[in-house]
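Printed here is run_21.cif (mmCIF, C-alpha atoms and all ligand atoms):
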data_protein
loop_
_atom_site.label_atom_id
_atom_site.label_comp_id
_atom_site.auth_asym_id
_atom_site.auth_seq_id
_atom_site.Cartn_x
_atom_site.Cartn_y
_atom_site.Cartn_z
CA MET A 1 45.17 -2.59 14.86
CA ALA A 2 44.24 1.08 14.66
CA ARG A 3 42.30 0.39 11.48
CA PHE A 4 40.49 -2.53 13.15
CA LEU A 5 39.45 -0.33 16.08
CA THR A 6 38.16 2.32 13.70
CA LEU A 7 36.05 -0.33 11.99
CA LEU A 8 34.63 -1.42 15.36
CA THR A 9 33.78 2.18 16.19
CA VAL A 10 31.96 2.61 12.88
CA LEU A 11 30.06 -0.65 13.39
CA GLY A 12 29.10 0.36 16.91
CA THR A 13 27.72 3.67 15.66
CA THR A 14 25.77 1.91 12.93
CA LEU A 15 24.27 -0.61 15.35
CA ARG A 16 23.25 2.09 17.80
CA ALA A 17 21.67 4.09 15.02
CA HIS A 18 19.56 1.05 14.09
CA SER A 19 18.32 0.34 17.58
CA THR A 20 16.83 3.77 18.32
CA PRO A 21 13.07 3.60 19.05
CA THR A 22 12.24 5.92 16.15
CA GLU A 23 13.83 3.58 13.63
CA ALA A 24 13.40 4.76 10.06
CA ALA A 25 11.49 2.54 7.65
CA PRO A 26 13.74 0.15 5.71
CA ALA A 27 14.98 1.54 2.43
CA ALA A 28 12.74 0.94 -0.55
CA LYS A 29 13.85 -1.88 -2.81
CA LEU A 30 11.57 -0.65 -5.52
CA SER A 31 9.29 2.35 -5.93
CA TYR A 32 7.04 2.93 -8.93
CA CYS A 33 3.59 3.65 -10.33
CA ALA A 34 2.19 0.64 -12.22
CA ASN A 35 0.21 1.52 -15.34
CA PHE A 36 -0.02 -2.07 -16.68
CA ASP A 37 0.54 -0.78 -20.22
CA ASP A 38 3.20 -3.37 -21.08
CA LEU A 39 0.87 -6.30 -20.37
CA PRO A 40 -0.80 -8.18 -23.25
CA GLU A 41 -4.06 -6.60 -24.31
CA ASN A 42 -7.31 -8.26 -23.45
CA PRO A 43 -8.67 -9.91 -26.61
CA GLY A 44 -12.22 -9.01 -25.67
CA GLY A 45 -13.47 -10.82 -22.60
CA PHE A 46 -12.98 -10.61 -18.87
CA ASP A 47 -11.69 -14.10 -18.47
CA PRO A 48 -9.07 -14.30 -15.71
CA VAL A 49 -7.79 -17.51 -17.26
CA THR A 50 -6.74 -15.80 -20.49
CA ASP A 51 -6.07 -12.29 -19.16
CA PRO A 52 -4.95 -12.52 -15.55
CA VAL A 53 -2.71 -9.83 -14.16
CA MET A 54 -1.27 -12.22 -11.56
CA THR A 55 2.07 -10.83 -10.41
CA TYR A 56 3.16 -7.49 -11.82
CA LYS A 57 6.39 -5.91 -10.53
CA GLY A 58 6.32 -7.82 -7.26
CA ILE A 59 2.61 -7.43 -6.48
CA SER A 60 -0.08 -10.04 -7.23
CA TYR A 61 -3.35 -8.46 -8.35
CA LEU A 62 -5.71 -11.23 -7.29
CA GLY A 63 -9.01 -11.27 -9.14
CA PHE A 64 -7.96 -8.67 -11.72
CA VAL A 65 -7.80 -8.90 -15.51
CA VAL A 66 -6.18 -6.60 -18.06
CA ALA A 67 -8.67 -4.35 -19.88
CA THR A 68 -8.52 -1.57 -22.45
CA GLN A 69 -10.69 1.27 -23.69
CA GLN A 70 -12.09 -1.09 -26.36
CA ASN A 71 -13.83 -3.33 -23.84
CA SER A 72 -17.59 -3.19 -23.55
CA ALA A 73 -17.44 -1.52 -20.14
CA GLU A 74 -14.25 0.53 -20.32
CA LYS A 75 -15.53 2.49 -23.31
CA TYR A 76 -17.59 4.54 -20.83
CA PHE A 77 -14.47 5.75 -19.02
CA ASP A 78 -11.69 8.24 -19.56
CA ILE A 79 -8.73 5.84 -19.06
CA PRO A 80 -5.98 7.65 -17.08
CA SER A 81 -2.92 6.24 -18.85
CA GLN A 82 -3.67 4.54 -22.13
CA PRO A 83 -4.02 1.80 -23.18
CA ASN A 84 -4.47 -0.54 -20.19
CA ILE A 85 -6.19 -0.59 -16.86
CA ILE A 86 -7.01 -3.57 -14.66
CA ASN A 87 -10.56 -4.62 -13.90
CA SER A 88 -11.90 -6.97 -11.29
CA GLY A 89 -14.96 -8.38 -13.00
CA THR A 90 -17.56 -10.59 -11.42
CA GLN A 91 -16.08 -13.57 -13.24
CA SER A 92 -12.67 -12.88 -11.74
CA GLN A 93 -14.11 -12.62 -8.28
CA ALA A 94 -15.81 -15.98 -8.68
CA SER A 95 -12.52 -17.54 -9.79
CA PHE A 96 -10.41 -15.98 -7.06
CA GLY A 97 -12.96 -16.32 -4.26
CA GLY A 98 -14.15 -13.00 -2.92
CA SER A 99 -12.72 -9.50 -2.73
CA PRO A 100 -10.04 -8.58 -5.21
CA ALA A 101 -6.71 -7.90 -3.54
CA LEU A 102 -3.17 -6.63 -3.96
CA GLN A 103 -0.73 -9.01 -2.31
CA ILE A 104 3.04 -8.92 -2.17
CA ASN A 105 4.65 -11.87 -3.95
CA THR A 106 7.84 -12.46 -1.99
CA THR A 107 8.93 -15.18 -4.42
CA VAL A 108 9.40 -12.40 -6.95
CA THR A 109 10.68 -9.68 -4.61
CA GLY A 110 13.19 -12.10 -3.05
CA GLY A 111 12.71 -11.34 0.65
CA PRO A 112 10.28 -13.55 2.62
CA LYS A 113 9.58 -10.63 4.99
CA ASP A 114 9.19 -7.96 2.30
CA THR A 115 6.32 -5.53 2.71
CA PHE A 116 4.80 -2.77 0.64
CA THR A 117 3.59 0.76 1.17
CA LEU A 118 0.55 1.72 -0.85
CA LYS A 119 0.71 5.41 -1.75
CA SER A 120 -2.02 6.19 -4.28
CA LEU A 121 -4.02 4.80 -7.16
CA ARG A 122 -6.61 5.85 -9.72
CA LEU A 123 -9.97 4.13 -9.37
CA ALA A 124 -13.38 4.03 -10.99
CA CYS A 125 -16.42 1.96 -10.06
CA LEU A 126 -18.07 -0.07 -12.74
CA VAL A 127 -21.72 -0.73 -12.04
CA THR A 128 -23.42 -3.57 -13.88
CA ASN A 129 -27.06 -4.39 -14.37
CA GLY A 130 -26.87 -7.86 -15.81
CA ALA A 131 -25.58 -8.06 -19.36
CA GLU A 132 -27.47 -4.87 -20.18
CA THR A 133 -25.44 -1.92 -18.91
CA SER A 134 -22.17 -1.04 -17.29
CA ASN A 135 -22.04 2.59 -16.39
CA ALA A 136 -20.23 4.79 -13.97
CA ASN A 137 -22.00 5.50 -10.72
CA GLY A 138 -21.12 6.50 -7.21
CA CYS A 139 -19.75 3.86 -4.86
CA THR A 140 -18.08 3.46 -1.50
CA VAL A 141 -14.72 1.69 -1.57
CA LEU A 142 -13.24 0.08 1.52
CA PHE A 143 -9.53 -0.76 1.53
CA VAL A 144 -8.34 -3.13 4.26
CA GLY A 145 -4.58 -3.49 4.60
CA ASN A 146 -3.12 -6.41 6.52
CA ARG A 147 0.22 -5.85 8.19
CA ARG A 148 3.16 -8.19 7.73
CA SER A 149 3.96 -7.60 11.41
CA GLY A 150 0.59 -9.04 12.44
CA ALA A 151 -0.42 -5.64 13.87
CA LYS A 152 -4.04 -4.52 13.60
CA SER A 153 -5.28 -4.07 10.03
CA VAL A 154 -5.48 -0.57 8.62
CA THR A 155 -8.56 0.66 6.77
CA TYR A 156 -9.35 3.52 4.46
CA GLU A 157 -12.67 4.43 2.92
CA TYR A 158 -13.00 6.31 -0.34
CA GLU A 159 -16.16 7.74 -1.93
CA TYR A 160 -16.12 7.52 -5.70
CA PRO A 161 -18.37 10.35 -6.88
CA ASN A 162 -21.48 9.79 -8.96
CA GLN A 163 -20.78 10.36 -12.66
CA GLU A 164 -22.76 11.54 -15.63
CA ILE A 165 -23.71 8.53 -17.72
CA GLY A 166 -22.75 8.66 -21.38
CA ASN A 167 -21.08 11.79 -22.61
CA PRO A 168 -18.60 12.99 -21.35
CA LEU A 169 -16.70 9.87 -20.37
CA ALA A 170 -16.70 9.04 -16.69
CA THR A 171 -13.53 10.03 -14.90
CA PHE A 172 -11.31 8.06 -12.53
CA GLY A 173 -10.89 9.31 -8.98
CA THR A 174 -7.54 9.55 -7.17
CA VAL A 175 -7.18 7.65 -3.91
CA THR A 176 -4.33 8.88 -1.71
CA PHE A 177 -3.63 6.55 1.18
CA PRO A 178 -2.84 7.69 4.72
CA ASP A 179 0.70 7.18 6.08
CA ASN A 180 -0.30 4.04 7.98
CA PHE A 181 -0.70 2.05 4.73
CA LYS A 182 2.82 0.69 5.12
CA GLY A 183 4.39 -2.58 6.23
CA LEU A 184 1.61 -4.37 4.36
CA SER A 185 1.41 -7.90 3.03
CA GLU A 186 -1.97 -7.46 1.31
CA VAL A 187 -4.80 -5.01 0.68
CA PHE A 188 -8.37 -6.14 0.07
CA ILE A 189 -10.77 -3.93 -1.87
CA SER A 190 -14.53 -4.09 -1.39
CA LEU A 191 -17.10 -1.90 -3.10
CA THR A 192 -20.67 -0.96 -2.31
CA ALA A 193 -22.75 0.79 -4.95
CA VAL A 194 -24.53 3.95 -3.87
CA GLN A 195 -27.52 2.93 -5.96
CA ASN A 196 -29.05 -0.25 -4.58
CA ASP A 197 -30.76 -1.59 -7.70
CA VAL A 198 -27.61 -2.83 -9.40
CA LEU A 199 -26.37 -6.38 -9.66
CA GLY A 200 -22.66 -5.81 -9.28
CA VAL A 201 -19.98 -3.22 -8.76
CA ASP A 202 -16.33 -3.72 -9.63
CA PRO A 203 -13.15 -1.67 -9.28
CA LEU A 204 -11.15 -0.43 -12.28
CA LEU A 205 -7.58 0.53 -11.36
CA ASP A 206 -4.70 2.36 -13.00
CA ASP A 207 -1.49 4.12 -11.91
CA VAL A 208 -1.01 2.15 -8.69
CA CYS A 209 1.87 3.89 -6.86
CA LEU A 210 3.69 1.90 -4.20
CA SER A 211 7.06 0.99 -2.82
CA ILE A 212 8.43 -2.36 -1.72
CA GLN A 213 10.60 -2.62 1.38
CA GLY A 214 12.96 -5.45 2.26
C1 LIG A 301 4.26 -15.47 -7.30
O1 LIG A 301 5.37 -15.57 -8.15
C2 LIG A 301 5.71 -16.90 -8.53
C3 LIG A 301 7.02 -16.83 -9.30
O2 LIG A 301 6.91 -16.01 -10.45
C4 LIG A 301 4.57 -17.50 -9.32
O3 LIG A 301 4.87 -18.83 -9.65
C5 LIG A 301 3.29 -17.44 -8.49
O4 LIG A 301 2.21 -17.90 -9.24
C6 LIG A 301 3.05 -16.04 -8.02
N1 LIG A 301 1.88 -16.04 -7.13
C7 LIG A 301 0.80 -15.31 -7.39
C8 LIG A 301 -0.29 -15.43 -6.39
O5 LIG A 301 0.70 -14.56 -8.35
#

What would you get if you wrote out this structure as structure tokens?
Amino acid sequence: MARFLTLLTVLGTTLRAHSTPTEAAPAAKLSYCANFDDLPENPGGFDPVTDPVMTYKGISYLGFVVATQQNSAEKYFDIPSQPNIINSGTQSQASFGGSPALQINTTVTGGPKDTFTLKSLRLACLVTNGAETSNANGCTVLFVGNRRSGAKSVTYEYEYPNQEIGNPLATFGTVTFPDNFKGLSEVFISLTAVQNDVLGVDPLLDDVCLSIQG
């Protein structure tokens, strides 16, 4: 009986601790930086049918393909962690319908209410002028995070600096997200080129650091 009462006391303390208004975020199920380097290398195109990222470590990278330094566009960039990055090309966007996005795949993570916290990522903008060129240039990147809770979306804008074209290789910027990029189900990424005479602008990503909460 004494042991039973002790158990009740412990449970009561635990329950009270959980119901305080300043409840701590649920413990992370998984926390990592994704460098995509264990994914199969892109054989040369940007075809999302042959090289989709799809779901990687619990997150679906919608509209992204795997790319390496050897690709026609990536050769202009200093890739942060070799060999792979992910690229949302114009073809991918057409196939996936609109802005590329990171979306939690709860089938993989196992909890239907799982969310993620986006901490940081490396990013470069790829500017294309038809089939002719694909060079680094400045761009404005808007991240829109939708909350699992249904609360108002969170936004964060990042300015990717203009880069020298050619030599040296263009560098990736580091995007560090504010603390409110948590409890998310998805994050959409949209880019606007600083220069207005280009046909398209796409994000290249590497080292995506996040945690998944259950
Ligand atoms: C989510 O994961 C499941 C199981 O692996 C997979 O069948 C499905 O295609 C994934 N969804 C997306 C959008 O990647």

Counting only C-alpha atoms and all ligand atoms, the residue among A:Met54, A:Ala124, A:Leu142, A:Ala67 that lies closest to ligand LIG 301 (chain A) is A:Met54

Name the residues within 12 Å of (-17.1, 2.1, -3.3), counting only C-alpha atoms in the file's coordinates, and put them as a count of residues only.
-> 34

Could you report the residues within 7 Å of ligand LIG 301 (chain A), using only C-alpha atoms and all ligand atoms, as a ChimeraX atom specification?
-> /A:54-55,60,62,105,107-108

What separates CA of Thr106 in chain A and CA of Gly214 in chain A is a distance of 9.7 Å

Gap from CA of Ala170 in chain A to CA of Ser88 in chain A - Å, one decimal |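 These atoms are spaced 17.6 Å apart.
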
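Near Pro168 in chain A, within a cut-off of 9 Å and counting all atoms listed in the file, sit the residues A:Tyr76, A:Phe77, A:Asp78, with same-chain residues fewer than 6 positions away left out.
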
Within 9 Å of Gln82 in chain A, counting only C-alpha atoms, which residues show up once you throw out same-chain ones fewer than 6 positions away? Write them as a PDB file with C-alpha atoms, in the frame of the given file, please.
ATOM      1  CA  ASN A  35       0.210   1.520 -15.340  1.00  0.00           C
ATOM      2  CA  ASP A  37       0.540  -0.780 -20.220  1.00  0.00           C
ATOM      3  CA  THR A  68      -8.520  -1.570 -22.450  1.00  0.00           C
ATOM      4  CA  GLN A  69     -10.690   1.270 -23.690  1.00  0.00           C
TER       5      GLN A  69
END

Considering all atoms listed in the file, state which residue in the set A:Ser211, A:Lys152, A:Tyr32, A:Asn84 is at the smallest distance from Asp51 in chain A.
-> A:Asn84

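For the pair CA of Phe188 in chain A and CA of Ala73 in chain A, the interatomic distance is 22.6 Å.
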
Residue nearest Pro83 in chain A - candidates A:Gly183, A:Pro40, A:Pro52, A:Gly58, atoms counted: only C-alpha atoms | A:Pro40

Contacts of Gly145 in chain A at 6 Å or less, counting all atoms listed in the file, minus same-chain residues fewer than 2 places along, as a PyMOL selection string?
-> chain A and resi 153-154+186-187

Mind checking which residues fall within 7 Å of Leu121 in chain A, counting all atoms listed in the file, ignoring those fewer than 2 positions away in the same chain, and posting them as a PyMOL selection string?
-> chain A and resi 123+174-176+205-209

Name the residues, using the chain letters and numbers of the file, that sit within 6 Å of (-4.8, -6.2, -14.8) when counting only C-alpha atoms, and give them as a compact mmCIF listing (two decimals) with C-alpha atoms, in the frame of the given file.
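See part22.txt below for the written result:
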# COMPACT_ATOMS: atom_id res chain seq x y z
CA VAL A 53 -2.71 -9.83 -14.16
CA PHE A 64 -7.96 -8.67 -11.72
CA VAL A 65 -7.80 -8.90 -15.51
CA VAL A 66 -6.18 -6.60 -18.06
CA ILE A 86 -7.01 -3.57 -14.66

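If all atoms listed in the file are the atoms counted, then among A:Phe177, A:Phe36, A:Tyr56, A:Phe172 the closest residue to Val144 in chain A is A:Phe177.
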
Around all the atoms of range 35-41 of chain A listed in the file, draw an axis-aligned box and extend it by 4 Å on each of the six sides; I want its centre and edge lengths in Å to one decimal, as AutoDock Vina command-line options.
--center_x -0.4 --center_y -3.3 --center_z -19.8 --size_x 15.3 --size_y 17.7 --size_z 17.0

Have a look at A:Gly63, A:Pro100, A:Gly110, A:Pro178 and name the one nearest to Ile212 in chain A; count all atoms listed in the file.
->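 Between A:Gly63, A:Pro100, A:Gly110, A:Pro178, the residue approaching Ile212 in chain A most closely is A:Gly110.
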